[in-house]
file run_38.pdb (PDB, C-alpha atoms and all ligand atoms)
ATOM      1  CA  MET Y 973       0.000   0.000   0.000
ATOM      2  CA  GLY Y 974       1.508   3.240  -1.124
ATOM      3  CA  LYS Y 975       0.049   5.798   1.254
ATOM      4  CA  ILE Y 976      -2.094   4.781   4.186
ATOM      5  CA  THR Y 977      -4.032   8.032   4.263
ATOM      6  CA  GLY Y 978      -4.086   8.538   0.506
ATOM      7  CA  PHE Y 979      -7.776   7.775   0.103
ATOM      8  CA  MET Y 980      -8.617  10.541   2.605
ATOM      9  CA  GLU Y 981      -6.211  13.104   1.190
ATOM     10  CA  PHE Y 982      -6.688  12.860  -2.545
ATOM     11  CA  GLU Y 983      -9.711  13.265  -4.782
ATOM     12  CA  ARG Y 984     -10.364  11.107  -7.793
ATOM     13  CA  LEU Y 985      -9.137  12.678 -11.018
ATOM     14  CA  GLU Y 986     -10.813  11.794 -14.316
ATOM     15  CA  GLU Y 987      -8.955  11.582 -17.595
ATOM     16  CA  GLY Y 988      -9.505  14.508 -19.922
ATOM     17  CA  TYR Y 989     -10.918  14.622 -23.445
ATOM     18  CA  ARG Y 990      -9.809  16.702 -26.362
ATOM     19  CA  PRO Y 991     -12.426  19.243 -27.502
ATOM     20  CA  VAL Y 992     -15.161  17.790 -29.700
ATOM     21  CA  ASP Y 993     -14.671  20.329 -32.499
ATOM     22  CA  GLU Y 994     -11.023  19.252 -32.679
ATOM     23  CA  ARG Y 995     -11.448  15.500 -32.449
ATOM     24  CA  VAL Y 996     -14.189  15.236 -35.097
ATOM     25  CA  LYS Y 997     -11.525  16.235 -37.642
ATOM     26  CA  HIS Y 998      -9.332  13.184 -37.120
ATOM     27  CA  TYR Y 999      -9.220   9.627 -35.828
ATOM     28  CA  LYS Y1000      -6.363  10.112 -33.403
ATOM     29  CA  GLU Y1001      -6.489   9.441 -29.674
ATOM     30  CA  PHE Y1002      -8.822  11.862 -27.949
ATOM     31  CA  VAL Y1003      -8.477  10.753 -24.328
ATOM     32  CA  ILE Y1004      -5.855  12.663 -22.366
ATOM     33  CA  GLY Y1005      -4.362  10.130 -19.995
ATOM     34  CA  LEU Y1006      -2.908  10.794 -16.575
ATOM     35  CA  ASP Y1007       0.671  11.935 -16.438
ATOM     36  CA  GLU Y1008       3.212  10.292 -14.157
ATOM     37  CA  SER Y1009       2.545  12.382 -11.058
ATOM     38  CA  GLN Y1010      -1.217  12.247 -11.506
ATOM     39  CA  ALA Y1011      -1.123   8.460 -11.783
ATOM     40  CA  LYS Y1012       0.985   8.286  -8.631
ATOM     41  CA  VAL Y1013      -1.552  10.340  -6.690
ATOM     42  CA  GLN Y1014      -4.459   8.270  -8.004
ATOM     43  CA  ALA Y1015      -2.661   5.049  -7.097
ATOM     44  CA  ALA Y1016      -2.134   6.459  -3.594
ATOM     45  CA  ARG Y1017      -5.918   6.392  -3.118
ATOM     46  CA  CYS Y1018      -5.896   2.575  -3.136
ATOM     47  CA  MET Y1019      -6.404   1.138   0.348
ATOM     48  CA  ASP Y1020      -4.884  -2.279  -0.459
ATOM     49  CA  CYS Y1021      -7.987  -3.941   0.942
ATOM     50  CA  GLY Y1022      -7.606  -7.262   2.725
ATOM     51  CA  THR Y1023     -10.325  -8.526   0.421
ATOM     52  CA  PRO Y1024      -9.770  -6.604  -2.810
ATOM     53  CA  PHE Y1025     -13.223  -6.588  -4.381
ATOM     54  CA  CYS Y1026     -11.764  -4.772  -7.390
ATOM     55  CA  ASN Y1027      -9.857  -7.939  -8.218
ATOM     56  CA  SER Y1028     -12.938 -10.144  -8.295
ATOM     57  CA  GLY Y1029     -14.912  -7.403 -10.065
ATOM     58  CA  CYS Y1030     -12.394  -7.430 -12.908
ATOM     59  CA  PRO Y1031     -13.352  -9.918 -15.655
ATOM     60  CA  VAL Y1032      -9.702 -10.919 -16.088
ATOM     61  CA  ASN Y1033      -8.835 -10.742 -12.387
ATOM     62  CA  ASN Y1034      -6.216  -8.046 -12.752
ATOM     63  CA  ILE Y1035      -4.029  -7.813  -9.650
ATOM     64  CA  ILE Y1036      -5.086  -4.251  -9.080
ATOM     65  CA  PRO Y1037      -3.814  -3.439  -5.564
ATOM     66  CA  ASP Y1038      -0.349  -4.639  -6.583
ATOM     67  CA  PHE Y1039      -0.030  -2.521  -9.693
ATOM     68  CA  ASN Y1040      -1.527   0.463  -7.849
ATOM     69  CA  ASP Y1041       1.210   0.106  -5.256
ATOM     70  CA  LEU Y1042       3.895  -0.228  -7.924
ATOM     71  CA  VAL Y1043       2.673   2.892  -9.722
ATOM     72  CA  PHE Y1044       2.720   4.776  -6.438
ATOM     73  CA  ARG Y1045       6.347   3.677  -6.021
ATOM     74  CA  GLN Y1046       6.993   4.611  -9.674
ATOM     75  CA  ASP Y1047       8.143   1.103 -10.539
ATOM     76  CA  TRP Y1048       6.460   1.197 -13.932
ATOM     77  CA  LYS Y1049       8.194  -1.829 -15.400
ATOM     78  CA  GLN Y1050       7.091  -4.081 -12.559
ATOM     79  CA  ALA Y1051       3.616  -2.559 -12.721
ATOM     80  CA  LEU Y1052       3.486  -3.447 -16.412
ATOM     81  CA  ASP Y1053       4.642  -7.000 -15.746
ATOM     82  CA  THR Y1054       1.988  -7.373 -13.047
ATOM     83  CA  LEU Y1055      -0.682  -6.043 -15.386
ATOM     84  CA  HIS Y1056       0.451  -8.334 -18.198
ATOM     85  CA  SER Y1057       0.406 -11.356 -15.905
ATOM     86  CA  THR Y1058      -3.390 -11.433 -16.182
ATOM     87  CA  ASN Y1059      -4.170  -9.207 -19.139
ATOM     88  CA  ASN Y1060      -2.521  -9.388 -22.549
ATOM     89  CA  PHE Y1061      -4.332  -6.419 -24.069
ATOM     90  CA  PRO Y1062      -4.395  -3.521 -21.589
ATOM     91  CA  GLU Y1063      -4.082  -1.204 -24.608
ATOM     92  CA  PHE Y1064      -7.748  -1.949 -25.162
ATOM     93  CA  THR Y1065      -9.073  -2.547 -21.669
ATOM     94  CA  GLY Y1066      -7.384   0.599 -20.385
ATOM     95  CA  ARG Y1067      -9.434   2.507 -22.933
ATOM     96  CA  ILE Y1068     -12.750   0.809 -23.593
ATOM     97  CA  CYS Y1069     -13.443  -1.507 -20.647
ATOM     98  CA  PRO Y1070     -16.517  -0.341 -18.685
ATOM     99  CA  ALA Y1071     -14.391  -0.868 -15.555
ATOM    100  CA  PRO Y1072     -16.533  -3.119 -13.346
ATOM    101  CA  CYS Y1073     -13.454  -3.156 -11.078
ATOM    102  CA  GLU Y1074     -14.224   0.451 -10.164
ATOM    103  CA  ALA Y1075     -17.853  -0.379  -9.419
ATOM    104  CA  ALA Y1076     -16.556  -3.144  -7.128
ATOM    105  CA  CYS Y1077     -13.907  -0.982  -5.443
ATOM    106  CA  THR Y1078     -14.419  -0.717  -1.680
ATOM    107  CA  LEU Y1079     -13.894   3.011  -1.840
ATOM    108  CA  ASN Y1080     -16.995   3.207  -4.015
ATOM    109  CA  VAL Y1081     -19.148   2.471  -0.940
ATOM    110  CA  ASN Y1082     -18.944   6.023   0.336
ATOM    111  CA  ASP Y1083     -16.549   7.871  -1.954
ATOM    112  CA  ASP Y1084     -15.368   7.959  -5.564
ATOM    113  CA  PRO Y1085     -13.676   4.687  -6.480
ATOM    114  CA  VAL Y1086      -9.990   4.431  -7.264
ATOM    115  CA  GLY Y1087      -9.390   5.409 -10.908
ATOM    116  CA  ILE Y1088      -8.193   1.911 -11.766
ATOM    117  CA  LYS Y1089      -8.849   2.151 -15.482
ATOM    118  CA  SER Y1090      -6.933   5.407 -15.867
ATOM    119  CA  ILE Y1091      -4.010   3.894 -13.939
ATOM    120  CA  GLU Y1092      -4.053   0.843 -16.205
ATOM    121  CA  HIS Y1093      -4.096   3.156 -19.221
ATOM    122  CA  ALA Y1094      -1.097   5.054 -17.837
ATOM    123  CA  ILE Y1095       0.831   1.814 -17.239
ATOM    124  CA  ILE Y1096       0.419   0.435 -20.738
ATOM    125  CA  ASP Y1097       1.111   3.768 -22.424
ATOM    126  CA  ARG Y1098       4.295   4.035 -20.393
ATOM    127  CA  GLY Y1099       5.215   0.510 -21.492
ATOM    128  CA  TRP Y1100       4.928   1.471 -25.171
ATOM    129  CA  GLN Y1101       6.818   4.725 -24.636
ATOM    130  CA  GLU Y1102       9.692   2.906 -22.953
ATOM    131  CA  GLY Y1103       9.840   0.178 -25.579
ATOM    132  CA  TRP Y1104       8.920  -2.514 -23.044
ATOM    133  CA  VAL Y1105       6.028  -3.561 -25.237
ATOM    134  CA  VAL Y1106       6.782  -4.514 -28.797
ATOM    135  CA  PRO Y1107       4.628  -6.029 -31.540
ATOM    136  CA  GLN Y1108       4.755  -9.812 -31.566
ATOM    137  CA  PRO Y1109       3.552 -10.946 -34.986
ATOM    138  CA  ALA Y1110       2.678 -14.613 -35.288
ATOM    139  CA  PRO Y1111       5.413 -16.612 -37.031
ATOM    140  CA  VAL Y1112       4.817 -17.514 -40.661
ATOM    141  CA  THR Y1113       4.173 -21.213 -40.749
ATOM    142  CA  ARG Y1114       5.270 -23.506 -43.550
ATOM    143  CA  SER Y1115       3.136 -26.320 -42.272
ATOM    144  CA  PRO Y1116       1.785 -28.499 -45.123
ATOM    145  CA  TYR Y1117      -1.430 -28.870 -43.155
ATOM    146  CA  LEU Y1118      -1.960 -25.133 -43.131
ATOM    147  CA  ARG Y1119      -1.248 -24.953 -46.872
ATOM    148  CA  ARG Y1120      -3.796 -27.664 -47.529
ATOM    149  CA  THR Y1121      -6.278 -25.786 -45.380
ATOM    150  CA  ILE Y1122      -5.694 -22.619 -47.409
ATOM    151  CA  VAL Y1123      -6.173 -24.522 -50.664
ATOM    152  CA  TRP Y1124      -9.320 -26.092 -49.306
ATOM    153  CA  ALA Y1125     -10.632 -22.695 -48.160
ATOM    154  CA  ASP Y1126      -9.747 -21.308 -51.593
ATOM    155  CA  TYR Y1127     -11.934 -23.851 -53.342
ATOM    156  CA  CYS Y1128     -14.738 -23.399 -50.817
ATOM    157  CA  ALA Y1129     -14.635 -19.656 -51.338
ATOM    158  CA  MET Y1130     -14.702 -20.129 -55.106
ATOM    159  CA  ALA Y1131     -17.658 -22.475 -54.831
ATOM    160  CA  PHE Y1132     -19.444 -19.971 -52.665
ATOM    161  CA  LEU Y1133     -18.765 -17.048 -54.988
ATOM    162  CA  ILE Y1134     -19.801 -19.004 -58.046
ATOM    163  CA  SER Y1135     -23.069 -20.032 -56.438
ATOM    164  CA  ARG Y1136     -23.665 -16.562 -55.043
ATOM    165  CA  TRP Y1137     -22.790 -14.260 -57.898
ATOM    166  CA  LYS Y1138     -22.203 -16.564 -60.836
ATOM    167  CA  SER Y1139     -19.245 -14.421 -61.733
ATOM    168  CA  ILE Y1140     -16.559 -16.564 -63.302
ATOM    169  CA  THR Y1141     -14.554 -13.492 -64.296
ATOM    170  CA  LEU Y1142     -14.353 -12.334 -60.729
ATOM    171  CA  ILE Y1143     -13.278 -15.792 -59.611
ATOM    172  CA  ALA Y1144     -10.557 -15.966 -62.227
ATOM    173  CA  VAL Y1145      -9.137 -12.585 -61.269
ATOM    174  CA  TRP Y1146      -9.360 -13.318 -57.564
ATOM    175  CA  SER Y1147      -7.728 -16.712 -57.927
ATOM    176  CA  ARG Y1148      -4.799 -15.294 -59.872
ATOM    177  CA  CYS Y1149      -4.224 -12.869 -57.003
ATOM    178  CA  ARG Y1150      -3.882 -15.685 -54.507
ATOM    179  CA  PRO Y1151      -0.328 -16.473 -53.423
ATOM    180  CA  LYS Y1152       1.022 -19.799 -54.586
ATOM    181  CA  VAL Y1153       0.876 -22.470 -51.888
TER     182      VAL Y1153
HETATM  183  S1  LIG T1201     -11.082  -2.399  -3.846
HETATM  184 FE1  LIG T1201     -10.348  -0.319  -4.432
HETATM  185  S2  LIG T1201      -9.282   0.391  -2.594
HETATM  186 FE2  LIG T1201      -9.511  -1.838  -2.360
HETATM  187  S3  LIG T1201      -7.616  -2.751  -3.201
HETATM  188 FE3  LIG T1201      -9.083  -2.607  -4.892
HETATM  189  S4  LIG T1201      -8.664  -0.624  -5.907
HETATM  190 FE4  LIG T1201      -7.703  -0.580  -3.884
END
call {"tool": "encode", "arguments": {"input": "run_38.pdb", "output": "structure tokens"}}
result
Amino acid sequence: MGKITGFMEFERLEEGYRPVDERVKHYKEFVIGLDESQAKVQAARCMDCGTPFCNSGCPVNNIIPDFNDLVFRQDWKQALDTLHSTNNFPEFTGRICPAPCEAACTLNVNDDPVGIKSIEHAIIDRGWQEGWVVPQPAPVTRSPYLRRTIVWADYCAMAFLISRWKSITLIAVWSRCRPKV
């Protein structure tokens, strides 16, 4: 637990949003996440409950009190590892999850809950900034079984298109575009 009296000292801080008239002009990120010091203060609000209801409220059972504590201590790498131990796509959940963990947070009984989602968002963004998270494309397989599956799917798709649109020309063009297997 970062700060024993944190939940009494600090108010919940919501993430910001870029102005509507600006964000309707592009498809870039429009949520303004917490900066380092803001995330630290928000993490300090966590009471490290003996029974962390946030943890059971989270659909993937994120170990929330632990990463809150690590963010408070500014150990971002360990916080990221803790987050990744239960969640392999915090890039998404930190942005679009409805955050049932916050509804379950003990602090929500008589105060604003800990801003768990915004802390998660801050952790994963920090991970990308630091280069701790890198794309992991699936390896290209040369399995003969996969090739046979592709060929099979090719013929099924052709059969479907022929029956659906009766367009032999389209099929011929499409088939020539297929990579050789
Ligand atoms: S329920 Fe809320 S206060 Fe308790 S450990 Fe979880 S996040 Fe912290």
call {"tool": "atom_distance", "arguments": {"input": "run_38.pdb", "atom1": "CA of Ala1051 in chain Y", "atom2": "CA of Thr977 in chain Y"}}
result
21.4 Å
call {"tool": "closest_atom_pairs", "arguments": {"input": "run_38.pdb", "of": "chain Y", "to": "ligand LIG 1201 (chain T)", "cutoff": "10 Å", "atoms": "all atoms listed in the file", "output": "tab-separated table"}}
result
residue	atom	partner	partner_atom	distance
Y:Met973	CA	T:LIG1201	FE4	8.6
Y:Phe979	CA	T:LIG1201	S2	8.0
Y:Ala1015	CA	T:LIG1201	FE4	8.2
Y:Ala1016	CA	T:LIG1201	FE4	9.0
Y:Arg1017	CA	T:LIG1201	S2	6.9
Y:Cys1018	CA	T:LIG1201	FE4	3.7
Y:Met1019	CA	T:LIG1201	S2	4.2
Y:Asp1020	CA	T:LIG1201	S3	3.9
Y:Cys1021	CA	T:LIG1201	FE2	4.2
Y:Gly1022	CA	T:LIG1201	S3	7.4
Y:Thr1023	CA	T:LIG1201	FE2	7.3
Y:Pro1024	CA	T:LIG1201	S3	4.4
Y:Phe1025	CA	T:LIG1201	S1	4.7
Y:Cys1026	CA	T:LIG1201	FE3	4.3
Y:Asn1027	CA	T:LIG1201	FE3	6.3
Y:Ser1028	CA	T:LIG1201	S1	9.1
Y:Gly1029	CA	T:LIG1201	S1	8.9
Y:Cys1030	CA	T:LIG1201	FE3	9.9
Y:Asn1034	CA	T:LIG1201	FE3	10.0
Y:Ile1035	CA	T:LIG1201	FE3	8.7
Y:Ile1036	CA	T:LIG1201	S4	6.0
Y:Pro1037	CA	T:LIG1201	S3	4.5
Y:Asp1038	CA	T:LIG1201	S3	8.2
Y:Phe1039	CA	T:LIG1201	S4	9.6
Y:Asn1040	CA	T:LIG1201	FE4	7.4
Y:Asp1041	CA	T:LIG1201	FE4	9.0
Y:Cys1073	CA	T:LIG1201	S4	7.5
Y:Glu1074	CA	T:LIG1201	FE1	7.0
Y:Ala1075	CA	T:LIG1201	S1	9.0
Y:Ala1076	CA	T:LIG1201	S1	6.4
Y:Cys1077	CA	T:LIG1201	S1	3.5
Y:Thr1078	CA	T:LIG1201	S1	4.3
Y:Leu1079	CA	T:LIG1201	S2	5.4
Y:Asn1080	CA	T:LIG1201	FE1	7.5
Y:Val1081	CA	T:LIG1201	S1	9.9
Y:Asp1084	CA	T:LIG1201	FE1	9.7
Y:Pro1085	CA	T:LIG1201	FE1	6.4
Y:Val1086	CA	T:LIG1201	S4	5.4
Y:Gly1087	CA	T:LIG1201	S4	7.9
Y:Ile1088	CA	T:LIG1201	S4	6.4
Y:Lys1089	CA	T:LIG1201	S4	10.0
call {"tool": "atom_distance", "arguments": {"input": "run_38.pdb", "atom1": "CA of Gly974 in chain Y", "atom2": "CA of Tyr989 in chain Y"}}
result
28.0 Å
call {"tool": "closest_residue", "arguments": {"input": "run_38.pdb", "among": "Y:Val1106, Y:Ala1071, Y:Ile976, Y:Val1112", "to": "Phe1044 in chain Y", "atoms": "all atoms listed in the file"}}
result
Y:Ile976
call {"tool": "atom_distance", "arguments": {"input": "run_38.pdb", "atom1": "CA of Val1003 in chain Y", "atom2": "CA of Gly988 in chain Y"}}
result
5.9 Å
call {"tool": "resolve_selection", "arguments": {"input": "run_38.pdb", "expression": "the PyMOL selection byres (((chain Y and resi 1092) around 9) and not hetatm)", "output": "mmCIF file with C-alpha atoms, in the coordinates of the input"}}
result
data_model
loop_
_atom_site.group_PDB
_atom_site.id
_atom_site.type_symbol
_atom_site.label_atom_id
_atom_site.label_comp_id
_atom_site.auth_asym_id
_atom_site.auth_seq_id
_atom_site.Cartn_x
_atom_site.Cartn_y
_atom_site.Cartn_z
ATOM 1 C CA ILE Y 1036 -5.086 -4.251 -9.080
ATOM 2 C CA PHE Y 1039 -0.030 -2.521 -9.693
ATOM 3 C CA ASN Y 1040 -1.527 0.463 -7.849
ATOM 4 C CA LEU Y 1052 3.486 -3.447 -16.412
ATOM 5 C CA LEU Y 1055 -0.682 -6.043 -15.386
ATOM 6 C CA PRO Y 1062 -4.395 -3.521 -21.589
ATOM 7 C CA GLU Y 1063 -4.082 -1.204 -24.608
ATOM 8 C CA THR Y 1065 -9.073 -2.547 -21.669
ATOM 9 C CA GLY Y 1066 -7.384 0.599 -20.385
ATOM 10 C CA ARG Y 1067 -9.434 2.507 -22.933
ATOM 11 C CA GLY Y 1087 -9.390 5.409 -10.908
ATOM 12 C CA ILE Y 1088 -8.193 1.911 -11.766
ATOM 13 C CA LYS Y 1089 -8.849 2.151 -15.482
ATOM 14 C CA SER Y 1090 -6.933 5.407 -15.867
ATOM 15 C CA ILE Y 1091 -4.010 3.894 -13.939
ATOM 16 C CA HIS Y 1093 -4.096 3.156 -19.221
ATOM 17 C CA ALA Y 1094 -1.097 5.054 -17.837
ATOM 18 C CA ILE Y 1095 0.831 1.814 -17.239
ATOM 19 C CA ILE Y 1096 0.419 0.435 -20.738
ATOM 20 C CA ASP Y 1097 1.111 3.768 -22.424
#
call {"tool": "axis_aligned_box", "arguments": {"input": "run_38.pdb", "around": "range 1021-1038 of chain Y", "padding_each_side": "4 Å", "output": "AutoDock Vina command-line options"}}
result
--center_x -7.6 --center_y -7.2 --center_z -6.7 --size_x 22.6 --size_y 15.5 --size_z 26.8
call {"tool": "resolve_selection", "arguments": {"input": "run_38.pdb", "expression": "the PyMOL selection byres (((chain Y and resi 1001) around 12) and not hetatm)", "output": "PDB file with C-alpha atoms, in the coordinates of the input"}}
result
ATOM      1  CA  GLY Y 988      -9.505  14.508 -19.922  1.00  0.00           C
ATOM      2  CA  TYR Y 989     -10.918  14.622 -23.445  1.00  0.00           C
ATOM      3  CA  ARG Y 990      -9.809  16.702 -26.362  1.00  0.00           C
ATOM      4  CA  PRO Y 991     -12.426  19.243 -27.502  1.00  0.00           C
ATOM      5  CA  GLU Y 994     -11.023  19.252 -32.679  1.00  0.00           C
ATOM      6  CA  ARG Y 995     -11.448  15.500 -32.449  1.00  0.00           C
ATOM      7  CA  VAL Y 996     -14.189  15.236 -35.097  1.00  0.00           C
ATOM      8  CA  LYS Y 997     -11.525  16.235 -37.642  1.00  0.00           C
ATOM      9  CA  HIS Y 998      -9.332  13.184 -37.120  1.00  0.00           C
ATOM     10  CA  TYR Y 999      -9.220   9.627 -35.828  1.00  0.00           C
ATOM     11  CA  LYS Y1000      -6.363  10.112 -33.403  1.00  0.00           C
ATOM     12  CA  PHE Y1002      -8.822  11.862 -27.949  1.00  0.00           C
ATOM     13  CA  VAL Y1003      -8.477  10.753 -24.328  1.00  0.00           C
ATOM     14  CA  ILE Y1004      -5.855  12.663 -22.366  1.00  0.00           C
ATOM     15  CA  GLY Y1005      -4.362  10.130 -19.995  1.00  0.00           C
ATOM     16  CA  ARG Y1067      -9.434   2.507 -22.933  1.00  0.00           C
ATOM     17  CA  ASP Y1097       1.111   3.768 -22.424  1.00  0.00           C
TER      18      ASP Y1097
END
call {"tool": "closest_residue", "arguments": {"input": "run_38.pdb", "among": "Y:Glu983, Y:Gln1108, Y:Gln1101, Y:Ala1011", "to": "Leu1042 in chain Y", "atoms": "all atoms listed in the file"}}
result
Y:Ala1011
call {"tool": "closest_residue", "arguments": {"input": "run_38.pdb", "among": "Y:Phe1064, Y:Asp1007, Y:Cys1069, Y:Gly1099", "to": "Lys1049 in chain Y", "atoms": "all atoms listed in the file"}}
result
Y:Gly1099
